[in-house]
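Chemist: The following file, structure.txt, comprises compact mmCIF, C-alpha atoms and all ligand atoms:
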```
# COMPACT_ATOMS: atom_id res chain seq x y z
CA MET A 1 -49.17 14.23 -60.41
CA GLN A 2 -49.32 10.98 -58.53
CA GLN A 3 -51.67 10.98 -55.55
CA THR A 4 -49.85 10.53 -52.24
CA GLN A 5 -51.63 8.43 -49.66
CA LEU A 6 -51.89 10.70 -46.62
CA GLN A 7 -52.87 9.22 -43.29
CA THR A 8 -56.53 9.68 -42.44
CA THR A 9 -58.68 9.43 -39.34
CA GLN A 10 -62.30 9.69 -38.22
CA LEU A 11 -63.30 13.22 -37.20
CA GLY A 12 -65.00 12.46 -33.90
CA THR A 13 -68.40 10.94 -34.52
CA THR A 14 -69.16 12.93 -37.68
CA GLY A 15 -68.47 9.97 -39.95
CA LEU A 16 -66.11 12.20 -41.96
CA VAL A 17 -62.76 10.57 -42.67
CA ILE A 18 -60.22 13.39 -42.85
CA THR A 19 -56.55 13.55 -43.76
CA ARG A 20 -54.53 14.34 -40.66
CA VAL A 21 -53.44 17.61 -42.25
CA GLY A 22 -56.01 20.03 -43.66
CA PHE A 23 -55.69 23.25 -45.68
CA GLY A 24 -56.10 26.39 -43.56
CA ALA A 25 -57.44 29.30 -45.61
CA TRP A 26 -56.98 32.29 -43.27
CA ALA A 27 -53.86 33.75 -44.92
CA ILE A 28 -55.37 33.51 -48.39
CA GLY A 29 -57.96 36.03 -47.20
CA GLY A 30 -55.08 38.49 -47.74
CA GLY A 31 -54.45 41.90 -46.17
CA GLY A 32 -56.40 45.11 -45.65
CA TRP A 33 -58.41 44.07 -42.60
CA GLU A 34 -57.90 43.75 -38.84
CA PHE A 35 -56.32 40.27 -38.99
CA GLY A 36 -54.87 40.39 -42.50
CA TRP A 37 -51.68 38.73 -43.74
CA GLY A 38 -50.38 41.38 -46.15
CA PRO A 39 -50.66 41.19 -49.95
CA GLN A 40 -51.84 37.85 -51.33
CA ASP A 41 -52.25 36.81 -54.95
CA ASP A 42 -55.53 34.91 -55.53
CA ASP A 43 -54.08 32.84 -58.39
CA GLN A 44 -51.27 31.70 -56.06
CA SER A 45 -53.89 30.82 -53.45
CA ILE A 46 -55.85 28.75 -55.95
CA ALA A 47 -52.65 27.04 -57.10
CA ALA A 48 -51.81 26.25 -53.46
CA ILE A 49 -55.26 24.73 -52.90
CA HIS A 50 -55.05 22.67 -56.09
CA HIS A 51 -51.58 21.44 -55.21
CA ALA A 52 -52.67 20.38 -51.71
CA LEU A 53 -55.67 18.53 -53.16
CA GLU A 54 -53.47 16.79 -55.73
CA ARG A 55 -51.26 15.66 -52.86
CA GLY A 56 -54.33 14.11 -51.20
CA VAL A 57 -55.43 16.72 -48.63
CA ASN A 58 -59.20 16.22 -48.36
CA TRP A 59 -60.47 19.20 -46.34
CA ILE A 60 -60.26 22.97 -46.26
CA ASP A 61 -60.94 25.16 -43.24
CA THR A 62 -62.02 28.72 -43.99
CA ALA A 63 -64.23 31.40 -42.41
CA ALA A 64 -66.49 34.18 -43.58
CA ALA A 65 -64.24 36.57 -41.64
CA TYR A 66 -61.03 35.76 -43.53
CA GLY A 67 -60.72 38.85 -45.70
CA PHE A 68 -64.47 39.35 -45.08
CA GLY A 69 -65.52 36.87 -47.75
CA ARG A 70 -62.34 36.89 -49.84
CA SER A 71 -61.01 33.54 -48.58
CA GLU A 72 -64.36 31.80 -49.07
CA GLY A 73 -64.64 33.33 -52.56
CA VAL A 74 -61.18 32.05 -53.50
CA VAL A 75 -62.00 28.58 -52.11
CA GLY A 76 -65.22 28.62 -54.15
CA ARG A 77 -63.28 29.52 -57.31
CA ALA A 78 -60.71 26.80 -56.63
CA LEU A 79 -63.41 24.15 -56.20
CA ALA A 80 -65.62 25.15 -59.14
CA GLY A 81 -65.59 22.42 -61.74
CA LEU A 82 -63.55 19.92 -59.74
CA ALA A 83 -64.67 16.33 -60.35
CA GLN A 84 -64.16 15.52 -56.69
CA ARG A 85 -64.23 18.25 -54.10
CA PRO A 86 -62.73 18.18 -50.60
CA TYR A 87 -64.78 18.65 -47.45
CA VAL A 88 -65.36 22.34 -46.78
CA PHE A 89 -65.41 23.63 -43.22
CA THR A 90 -66.25 27.26 -42.50
CA LYS A 91 -67.23 29.50 -39.58
CA ALA A 92 -69.65 32.22 -38.53
CA SER A 93 -69.95 34.95 -35.87
CA LEU A 94 -67.38 37.53 -36.96
CA LEU A 95 -68.89 40.35 -38.98
CA GLU A 96 -67.25 43.25 -40.79
CA GLY A 97 -67.41 46.45 -38.77
CA PRO A 98 -66.18 50.00 -39.39
CA GLY A 99 -62.56 50.30 -40.56
CA HIS A 100 -62.45 46.66 -41.69
CA ARG A 101 -62.43 45.58 -38.07
CA VAL A 102 -64.16 42.50 -36.65
CA VAL A 103 -67.48 42.78 -34.80
CA HIS A 104 -68.74 39.70 -32.95
CA SER A 105 -72.36 38.52 -33.22
CA LEU A 106 -74.01 35.27 -32.16
CA GLU A 107 -77.51 36.52 -32.98
CA ARG A 108 -79.65 34.00 -34.84
CA GLU A 109 -80.56 36.35 -37.69
CA ASP A 110 -76.92 37.27 -38.30
CA ILE A 111 -75.82 33.64 -38.36
CA LEU A 112 -78.58 32.55 -40.75
CA ARG A 113 -77.64 35.43 -43.04
CA GLU A 114 -73.94 34.53 -42.81
CA ALA A 115 -74.62 30.89 -43.72
CA GLU A 116 -76.51 31.93 -46.83
CA ALA A 117 -73.69 34.25 -47.92
CA SER A 118 -71.03 31.59 -47.24
CA LEU A 119 -72.92 28.97 -49.28
CA ALA A 120 -73.11 31.39 -52.20
CA ARG A 121 -69.40 32.32 -52.06
CA LEU A 122 -68.35 28.68 -51.73
CA GLY A 123 -70.75 27.54 -54.46
CA LEU A 124 -72.15 24.75 -52.27
CA ASP A 125 -75.61 23.38 -51.46
CA ALA A 126 -74.45 22.42 -47.98
CA ILE A 127 -71.43 23.16 -45.80
CA ASP A 128 -69.75 19.98 -44.50
CA LEU A 129 -68.87 21.49 -41.11
CA TYR A 130 -70.16 24.83 -39.82
CA GLN A 131 -68.47 26.26 -36.73
CA LEU A 132 -69.05 29.14 -34.35
CA HIS A 133 -65.80 31.07 -34.70
CA TRP A 134 -65.62 32.66 -31.21
CA PRO A 135 -67.77 32.40 -28.04
CA ILE A 136 -68.30 36.17 -28.02
CA PRO A 137 -70.46 37.72 -26.64
CA GLY A 138 -70.42 35.05 -23.92
CA PRO A 139 -74.09 35.39 -22.88
CA ASP A 140 -75.19 34.66 -26.48
CA ILE A 141 -73.48 31.30 -27.04
CA GLU A 142 -76.75 29.38 -26.58
CA GLU A 143 -78.47 31.55 -29.20
CA GLY A 144 -75.61 31.09 -31.69
CA TRP A 145 -75.46 27.34 -31.12
CA SER A 146 -79.24 26.99 -31.54
CA ALA A 147 -78.93 28.76 -34.90
CA LEU A 148 -76.31 26.21 -36.02
CA ALA A 149 -78.58 23.36 -34.89
CA GLU A 150 -81.39 24.93 -36.93
CA LEU A 151 -79.18 25.12 -40.04
CA LYS A 152 -78.30 21.47 -39.59
CA GLU A 153 -81.94 20.51 -39.33
CA GLN A 154 -82.61 22.40 -42.56
CA GLY A 155 -79.80 20.48 -44.28
CA LEU A 156 -77.84 23.62 -45.13
CA VAL A 157 -74.93 22.36 -43.04
CA ARG A 158 -74.04 18.71 -42.45
CA HIS A 159 -72.15 18.91 -39.17
CA ILE A 160 -71.75 21.57 -36.49
CA GLY A 161 -68.92 22.51 -34.17
CA VAL A 162 -67.25 25.38 -32.32
CA SER A 163 -63.91 27.11 -32.13
CA ASN A 164 -62.18 28.89 -29.24
CA PHE A 165 -64.70 27.57 -26.66
CA ASP A 166 -63.57 26.46 -23.20
CA ALA A 167 -64.87 23.35 -21.44
CA ASP A 168 -67.49 25.26 -19.41
CA GLN A 169 -68.86 26.82 -22.58
CA LEU A 170 -69.00 23.40 -24.24
CA ARG A 171 -70.96 22.05 -21.28
CA ARG A 172 -73.42 24.96 -21.57
CA ILE A 173 -74.32 24.24 -25.20
CA GLN A 174 -74.18 20.45 -25.24
CA SER A 175 -77.76 20.03 -24.07
CA ILE A 176 -79.08 22.09 -27.02
CA ALA A 177 -77.42 19.87 -29.63
CA PRO A 178 -74.37 17.59 -29.53
CA VAL A 179 -71.10 19.40 -30.21
CA GLU A 180 -69.55 17.39 -33.04
CA THR A 181 -66.22 19.17 -33.34
CA LEU A 182 -63.93 21.60 -31.58
CA GLN A 183 -61.27 23.85 -33.11
CA PRO A 184 -58.80 25.12 -30.49
CA GLN A 185 -55.43 26.73 -30.92
CA TYR A 186 -52.71 24.18 -30.19
CA SER A 187 -48.98 24.15 -30.82
CA LEU A 188 -45.65 23.94 -29.04
CA VAL A 189 -45.94 27.68 -28.37
CA GLU A 190 -49.59 27.55 -27.20
CA ARG A 191 -50.22 24.49 -25.04
CA GLU A 192 -53.11 25.65 -22.85
CA ALA A 193 -55.62 23.29 -24.53
CA GLU A 194 -53.80 20.34 -22.97
CA GLU A 195 -54.92 21.22 -19.45
CA GLU A 196 -58.66 20.70 -19.66
CA LEU A 197 -59.98 21.12 -23.18
CA LEU A 198 -58.34 18.26 -25.08
CA PRO A 199 -58.99 15.66 -22.35
CA PHE A 200 -62.61 16.88 -22.17
CA ALA A 201 -63.06 16.56 -25.95
CA GLU A 202 -61.56 13.09 -25.92
CA ARG A 203 -63.83 11.92 -23.08
CA GLU A 204 -66.91 13.33 -24.83
CA GLY A 205 -66.00 11.91 -28.28
CA ILE A 206 -65.80 15.40 -29.81
CA GLY A 207 -63.71 15.59 -32.99
CA VAL A 208 -60.73 17.97 -32.70
CA ILE A 209 -58.98 19.92 -35.43
CA VAL A 210 -56.27 22.20 -34.05
CA TYR A 211 -55.34 25.56 -35.49
CA SER A 212 -52.03 27.42 -35.91
CA PRO A 213 -50.01 24.23 -35.32
CA MET A 214 -46.84 26.06 -36.45
CA GLY A 215 -47.65 29.12 -34.33
CA SER A 216 -48.84 31.00 -37.45
CA GLY A 217 -45.44 30.56 -39.09
CA ILE A 218 -42.98 31.05 -36.19
CA LEU A 219 -42.12 27.31 -36.10
CA THR A 220 -41.61 26.73 -39.83
CA GLY A 221 -37.84 27.24 -39.68
CA ARG A 222 -38.19 30.04 -42.23
CA MET A 223 -39.08 32.84 -39.82
CA THR A 224 -36.20 35.10 -38.82
CA ARG A 225 -35.90 38.35 -36.86
CA GLN A 226 -35.22 40.12 -40.16
CA ARG A 227 -38.30 38.61 -41.83
CA ILE A 228 -40.47 39.74 -38.89
CA GLN A 229 -39.09 43.28 -39.19
CA ASP A 230 -39.88 43.23 -42.91
CA LEU A 231 -43.44 41.91 -42.60
CA PRO A 232 -45.95 44.12 -44.43
CA ALA A 233 -47.71 46.79 -42.34
CA ASP A 234 -51.02 44.92 -42.62
CA ASP A 235 -49.67 41.52 -41.51
CA TRP A 236 -51.25 41.01 -38.07
CA ARG A 237 -48.18 39.05 -36.90
CA ARG A 238 -46.22 42.32 -36.50
CA HIS A 239 -48.27 42.98 -33.37
CA ASP A 240 -48.49 39.43 -31.99
CA PRO A 241 -46.56 38.67 -28.76
CA ARG A 242 -45.42 35.33 -30.22
CA PHE A 243 -43.40 37.29 -32.79
CA ARG A 244 -41.79 39.61 -30.19
CA GLU A 245 -39.40 39.27 -27.29
CA PRO A 246 -39.29 37.65 -24.83
CA ARG A 247 -41.24 34.85 -26.56
CA LEU A 248 -39.50 35.19 -29.91
CA GLY A 249 -36.06 34.13 -28.66
CA ARG A 250 -37.52 31.07 -26.94
CA SER A 251 -39.43 30.09 -30.11
CA LEU A 252 -36.37 30.44 -32.32
CA ALA A 253 -34.41 28.19 -29.91
CA LEU A 254 -37.30 25.71 -30.09
CA VAL A 255 -37.07 25.76 -33.90
CA GLU A 256 -33.43 24.65 -33.66
CA ARG A 257 -34.50 21.64 -31.55
CA LEU A 258 -37.24 20.89 -34.12
CA ARG A 259 -34.58 21.11 -36.82
CA THR A 260 -32.43 18.46 -35.12
CA VAL A 261 -35.36 16.03 -35.14
CA ALA A 262 -36.41 17.06 -38.65
CA ASP A 263 -32.92 16.37 -40.02
CA ARG A 264 -33.10 12.85 -38.61
CA HIS A 265 -36.39 12.24 -40.48
CA GLY A 266 -35.33 14.06 -43.64
CA THR A 267 -38.05 16.66 -43.21
CA THR A 268 -38.62 20.26 -42.02
CA PRO A 269 -39.03 21.87 -38.57
CA GLY A 270 -42.58 22.87 -39.57
CA ALA A 271 -43.55 19.26 -40.32
CA VAL A 272 -42.19 18.15 -36.93
CA ALA A 273 -44.11 20.95 -35.18
CA VAL A 274 -47.33 19.78 -36.85
CA ALA A 275 -46.60 16.11 -36.12
CA TRP A 276 -46.09 17.07 -32.46
CA THR A 277 -49.72 18.35 -32.28
CA LEU A 278 -50.97 15.13 -33.89
CA ARG A 279 -49.28 12.99 -31.23
CA ASP A 280 -51.98 14.03 -28.72
CA PRO A 281 -54.66 11.31 -28.71
CA ALA A 282 -57.47 13.88 -28.66
CA VAL A 283 -56.29 15.54 -31.89
CA ASP A 284 -57.76 14.25 -35.15
CA GLY A 285 -56.39 16.79 -37.59
CA ALA A 286 -54.11 19.82 -37.82
CA ILE A 287 -55.13 22.85 -39.87
CA VAL A 288 -52.06 24.20 -41.62
CA GLY A 289 -52.08 27.57 -43.35
CA PHE A 290 -50.64 27.52 -46.86
CA ARG A 291 -50.45 30.55 -49.13
CA ARG A 292 -48.22 29.30 -51.95
CA PRO A 293 -48.02 25.90 -53.71
CA ASP A 294 -44.37 25.39 -52.72
CA GLN A 295 -45.28 25.59 -49.01
CA VAL A 296 -47.38 22.44 -49.10
CA ASP A 297 -44.91 19.58 -49.66
CA PRO A 298 -42.43 20.54 -46.89
CA ILE A 299 -45.18 20.18 -44.28
CA LEU A 300 -47.33 17.26 -45.50
CA ALA A 301 -44.85 14.68 -44.16
CA ALA A 302 -46.34 15.56 -40.75
CA ALA A 303 -49.42 13.49 -41.54
CA GLY A 304 -47.41 10.27 -41.26
CA LEU A 305 -44.56 11.28 -38.96
CA GLU A 306 -44.33 9.28 -35.70
CA LEU A 307 -42.18 11.02 -33.11
CA GLY A 308 -40.38 8.89 -30.52
CA ASP A 309 -40.57 9.66 -26.79
CA ALA A 310 -36.94 10.79 -26.72
CA GLU A 311 -37.57 13.12 -29.66
CA ILE A 312 -40.60 14.62 -27.98
CA ALA A 313 -38.63 15.11 -24.76
CA HIS A 314 -35.81 16.81 -26.72
CA ILE A 315 -38.25 19.14 -28.49
CA GLU A 316 -40.00 20.09 -25.24
CA ASP A 317 -36.82 20.51 -23.18
CA GLU A 318 -36.31 24.25 -22.66
CA THR A 319 -33.32 23.95 -20.32
N1 LIG B 401 -60.63 29.28 -35.33
C1 LIG B 401 -59.78 30.26 -35.20
O1 LIG B 401 -59.96 31.20 -34.44
C2 LIG B 401 -58.50 30.17 -36.01
C3 LIG B 401 -57.42 31.02 -35.69
C4 LIG B 401 -56.25 30.86 -36.42
C5 LIG B 401 -56.17 29.94 -37.43
N2 LIG B 401 -57.26 29.15 -37.74
C6 LIG B 401 -57.20 28.16 -38.84
O2 LIG B 401 -55.99 27.43 -38.78
C7 LIG B 401 -55.25 27.61 -39.99
C8 LIG B 401 -53.78 27.55 -39.70
O3 LIG B 401 -53.39 28.50 -38.76
P1 LIG B 401 -52.36 29.68 -39.10
O4 LIG B 401 -52.48 30.03 -40.55
O5 LIG B 401 -52.54 30.72 -38.07
O6 LIG B 401 -50.96 29.07 -38.74
P2 LIG B 401 -49.94 27.93 -39.15
O7 LIG B 401 -50.59 26.88 -39.94
O8 LIG B 401 -49.28 27.60 -37.87
O9 LIG B 401 -48.90 28.77 -40.06
C9 LIG B 401 -49.25 29.10 -41.38
C10 LIG B 401 -48.24 30.08 -41.99
O10 LIG B 401 -46.93 29.52 -41.99
C11 LIG B 401 -46.24 29.90 -43.19
N3 LIG B 401 -45.89 28.64 -43.89
C12 LIG B 401 -46.71 27.63 -44.27
N4 LIG B 401 -46.02 26.64 -44.87
C13 LIG B 401 -44.72 27.03 -44.86
C14 LIG B 401 -43.52 26.45 -45.35
N5 LIG B 401 -43.52 25.25 -45.96
N6 LIG B 401 -42.36 27.13 -45.17
C15 LIG B 401 -42.35 28.34 -44.55
N7 LIG B 401 -43.47 28.94 -44.09
C16 LIG B 401 -44.64 28.30 -44.25
C17 LIG B 401 -47.21 30.74 -44.02
O11 LIG B 401 -47.05 32.12 -43.75
P3 LIG B 401 -45.86 33.02 -44.35
O12 LIG B 401 -45.40 32.39 -45.62
O13 LIG B 401 -46.44 34.36 -44.55
O14 LIG B 401 -44.83 33.03 -43.25
C18 LIG B 401 -48.56 30.30 -43.46
O15 LIG B 401 -49.55 31.27 -43.63
C19 LIG B 401 -55.79 28.93 -40.54
O16 LIG B 401 -55.55 29.07 -41.93
C20 LIG B 401 -57.24 28.82 -40.20
O17 LIG B 401 -57.91 27.96 -41.12
C21 LIG B 401 -58.40 29.26 -37.03
```
How would this structure read if it were set down as structure tokens?
Modeler:
Amino acid sequence: MQQTQLQTTQLGTTGLVITRVGFGAWAIGGGGWEFGWGPQDDDQSIAAIHHALERGVNWIDTAAAYGFGRSEGVVGRALAGLAQRPYVFTKASLLEGPGHRVVHSLEREDILREAEASLARLGLDAIDLYQLHWPIPGPDIEEGWSALAELKEQGLVRHIGVSNFDADQLRRIQSIAPVETLQPQYSLVEREAEEELLPFAEREGIGVIVYSPMGSGILTGRMTRQRIQDLPADDWRRHDPRFREPRLGRSLALVERLRTVADRHGTTPGAVAVAWTLRDPAVDGAIVGFRRPDQVDPILAAAGLELGDAEIAHIEDET
């Protein structure tokens, strides 16, 4: 297939030039754990990754926690033998506890062990970007961040960043080692990062990749009340407030406004939702979750979609 030229940008000061849309690998970790996505076919996942790479996407964001190693293993399989591999970003600090539930740890020994296991599953000598997944437990963020700095010094990871940290937590760890990247949640249905975090990152020159830019699927234009009712028992979205009233009705109305703008550009509501996150000057890239090859093309237009002020006002107007 012909390679499409996707728009790229510098990721903060890392020197990495990333496509504005990256491949999010949470859902391909599948079901059967606390934050699972129901049944997932690994061959479909690999086909989705290969299709995204063929279309020019040049980075993948995964985590040891996604399916407790399954997502990283699938990414490793997808990359094995490729002549040119994408950048691989992964995360540490969520361990598998009893009943396939998540246990948080920022202890140095745990993080060093996690990095070794992630490298093996991904089949890499070094991880391009290693991130602390959550700032929990709060008192241990300095210990966790020091462990990432140590891994960078050893050359096992090339760049280091954090996810789900607030500005105060970023200030606390900055003196230990520069924070190169930040991964917050950001979308039309989750705008809190705009208040302090995104302006802070921009001022400090921290690279930003935002997660769940389509609200984990609610803004794609394909999510309906019936589909939510029919989600598998082990799809975490069944229990998420964004997928329930009173937020659900507001989100579905928002999707119709996205659809109006999408129709004008000949694209999908999901692509417009992702493009909306990329309009913020602090945001370098959007991490979009794909679990099937056919889901990739309808969203990739977002990487080059410029929304006008009137379109943005229409999308944001809840009256
Ligand atoms: N750091 C963190 O704490 C954190 C937290 C969340 C996410 N993330 C990262 O961000 C990535 C993206 O976030 P996300 O997966 O929550 O949300 P998202 O990108 O907003 O939504 C992804 C979901 O939308 C659906 N979808 C994708 N393309 C579609 C299409 N063309 N048509 C219809 N539906 C489509 C798929 O689910 P269905 O087909 O099942 O509907 C997919 O799993 C994750 O994979 C992960 O890498 C990080």
Chemist: Could you state the separation of CA of Arg250 in chain A and CA of Glu196 in chain A in Å, given to one decimal place?
Modeler: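 So the two atoms, CA of Arg250 in chain A and CA of Glu196 in chain A, lie 24.6 Å apart.
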Chemist: Write out, as a tab-separated table, each residue of chain A that has an atom at most 8 Å from ligand LIG 401 (chain B), together with the closest pair of atoms and their distance in Å to one decimal, counting all atoms listed in the file, rows going by chain and rising number.
Modeler:
```
residue	atom	partner	partner_atom	distance
A:Phe23	CA	B:LIG401	O17	6.9
A:Gly24	CA	B:LIG401	O16	3.2
A:Ala25	CA	B:LIG401	O16	4.1
A:Trp26	CA	B:LIG401	O16	3.8
A:Ala27	CA	B:LIG401	O15	5.1
A:Ile28	CA	B:LIG401	O16	7.8
A:Trp37	CA	B:LIG401	O13	6.9
A:Ile60	CA	B:LIG401	O17	7.5
A:Asp61	CA	B:LIG401	O17	4.6
A:Thr62	CA	B:LIG401	O17	5.1
A:Ala63	CA	B:LIG401	O17	7.3
A:Lys91	CA	B:LIG401	N1	7.9
A:His133	CA	B:LIG401	N1	5.5
A:Trp134	CA	B:LIG401	O1	6.7
A:Ser163	CA	B:LIG401	N1	5.1
A:Asn164	CA	B:LIG401	O1	6.1
A:Gln183	CA	B:LIG401	N1	5.9
A:Pro184	CA	B:LIG401	N1	6.6
A:Gln185	CA	B:LIG401	C3	6.7
A:Ser187	CA	B:LIG401	O8	7.9
A:Val210	CA	B:LIG401	O2	7.1
A:Tyr211	CA	B:LIG401	O2	3.8
A:Ser212	CA	B:LIG401	O3	3.3
A:Pro213	CA	B:LIG401	O8	4.3
A:Met214	CA	B:LIG401	O8	3.2
A:Gly215	CA	B:LIG401	O8	4.2
A:Ser216	CA	B:LIG401	O6	3.1
A:Gly217	CA	B:LIG401	O10	3.4
A:Ile218	CA	B:LIG401	O10	7.2
A:Leu219	CA	B:LIG401	O8	7.4
A:Thr220	CA	B:LIG401	C15	5.0
A:Gly221	CA	B:LIG401	C15	6.7
A:Arg222	CA	B:LIG401	C15	5.1
A:Met223	CA	B:LIG401	O14	6.7
A:Gly270	CA	B:LIG401	C14	6.9
A:Ala286	CA	B:LIG401	O2	7.9
A:Ile287	CA	B:LIG401	C7	4.8
A:Val288	CA	B:LIG401	O7	3.5
A:Gly289	CA	B:LIG401	O4	3.7
A:Phe290	CA	B:LIG401	C12	4.7
A:Arg291	CA	B:LIG401	O15	5.6
A:Arg292	CA	B:LIG401	O12	7.6
A:Asp294	CA	B:LIG401	N5	6.8
A:Gln295	CA	B:LIG401	N5	3.5
A:Val296	CA	B:LIG401	N5	5.7
A:Asp297	CA	B:LIG401	N5	6.9
A:Pro298	CA	B:LIG401	N5	4.9
A:Ile299	CA	B:LIG401	N5	5.6
```
Chemist: I'd like the interatomic distance between CA of Thr9 in chain A and CA of Ser118 in chain A, to a tenth of an Å.
Modeler: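 Between these atoms lies a distance of 26.6 Å.
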Chemist: Using Å and a single decimal, report how far CA of Ala282 in chain A sits from CA of Arg247 in chain A.
Modeler: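 Value for the CA of Arg247 in chain A-CA of Ala282 in chain A distance: 26.6 Å.
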Chemist: So, with only C-alpha atoms as the atoms that count, which of A:Val283, A:Arg172, A:Leu188, A:Gly38 lies closest to Asp230 in chain A?
Modeler: A:Gly38
Chemist: Need to verify the contact set: Asp166 in chain A, 9 Å, all atoms listed in the file, exclusion of same-chain residues closer than 4 positions in sequence. Can you return it as a PDB file with C-alpha atoms, keeping the file's coordinate frame?
Modeler:
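Okay, this is what ended up in around13.pdb:
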```pdb
ATOM      1  CA  PRO A 135     -67.770  32.400 -28.040  1.00  0.00           C
ATOM      2  CA  LEU A 170     -69.000  23.400 -24.240  1.00  0.00           C
ATOM      3  CA  ARG A 171     -70.960  22.050 -21.280  1.00  0.00           C
ATOM      4  CA  PRO A 184     -58.800  25.120 -30.490  1.00  0.00           C
ATOM      5  CA  ALA A 193     -55.620  23.290 -24.530  1.00  0.00           C
ATOM      6  CA  GLU A 196     -58.660  20.700 -19.660  1.00  0.00           C
ATOM      7  CA  LEU A 197     -59.980  21.120 -23.180  1.00  0.00           C
TER       8      LEU A 197
END
```
Chemist: Have a look at A:Ser71, A:Thr267, A:Asn58, A:Ser93 and name the one nearest to Ile18 in chain A; count all atoms listed in the file.
Modeler: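 Among the listed residues, the smallest separation from Ile18 in chain A belongs to A:Asn58.
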Chemist: Restricting the calculation to all atoms listed in the file, which member of A:Gly161, A:Gly144, A:Gly304, A:Pro98 is positioned closest to Arg279 in chain A?
Modeler: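 Under the stated criterion, the closest residue is A:Gly304.
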Chemist: Return the single residue from A:Ala120, A:Val57, A:Ala115, A:Leu300 that is closest to Leu148 in chain A, with distances computed using all atoms listed in the file.
Modeler: A:Ala115
Chemist: Applying 9 Å and all atoms listed in the file, which residues near Arg108 in chain A remain after dropping the ones on its own chain fewer than 3 positions away? List them as a count of residues only.
Modeler: 10
Chemist: Please identify all polymer residues lying at most 9 Å from the point (-41.4, 12.5, -41.7) (file coordinates), using all atoms listed in the file, and present the result as a list in words.
Modeler: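 Here the neighbourhood of the point contains Ala262, Arg264, His265, Gly266, Thr267, Thr268, Ala271, Val272, Ala275, Ile299, Leu300, Ala301, Ala302, Ala303, Gly304, Leu305, Glu306 and Leu307 of chain A.
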Chemist: Choose the residue, out of A:Gly22, A:Gly36, A:Gly207, A:Gly30, that has the smallest atom-to-atom separation from His239 in chain A; count only C-alpha atoms.
Modeler: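 Of the candidates, the smallest distance to His239 in chain A is held by A:Gly36.
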Chemist: Kindly indicate which residue among A:Glu34, A:Asp140, A:Glu72, A:Glu114 lies nearest to Ile46 in chain A, using all atoms listed in the file for the distances.
Modeler: A:Glu72
Chemist: Neighbours of Ile160 in chain A within 6 Å (all atoms listed in the file; same-chain residues fewer than 4 positions away dropped), as a list of chain:residue names?
Modeler: A:Leu129, A:Tyr130, A:Gln131, A:Glu180
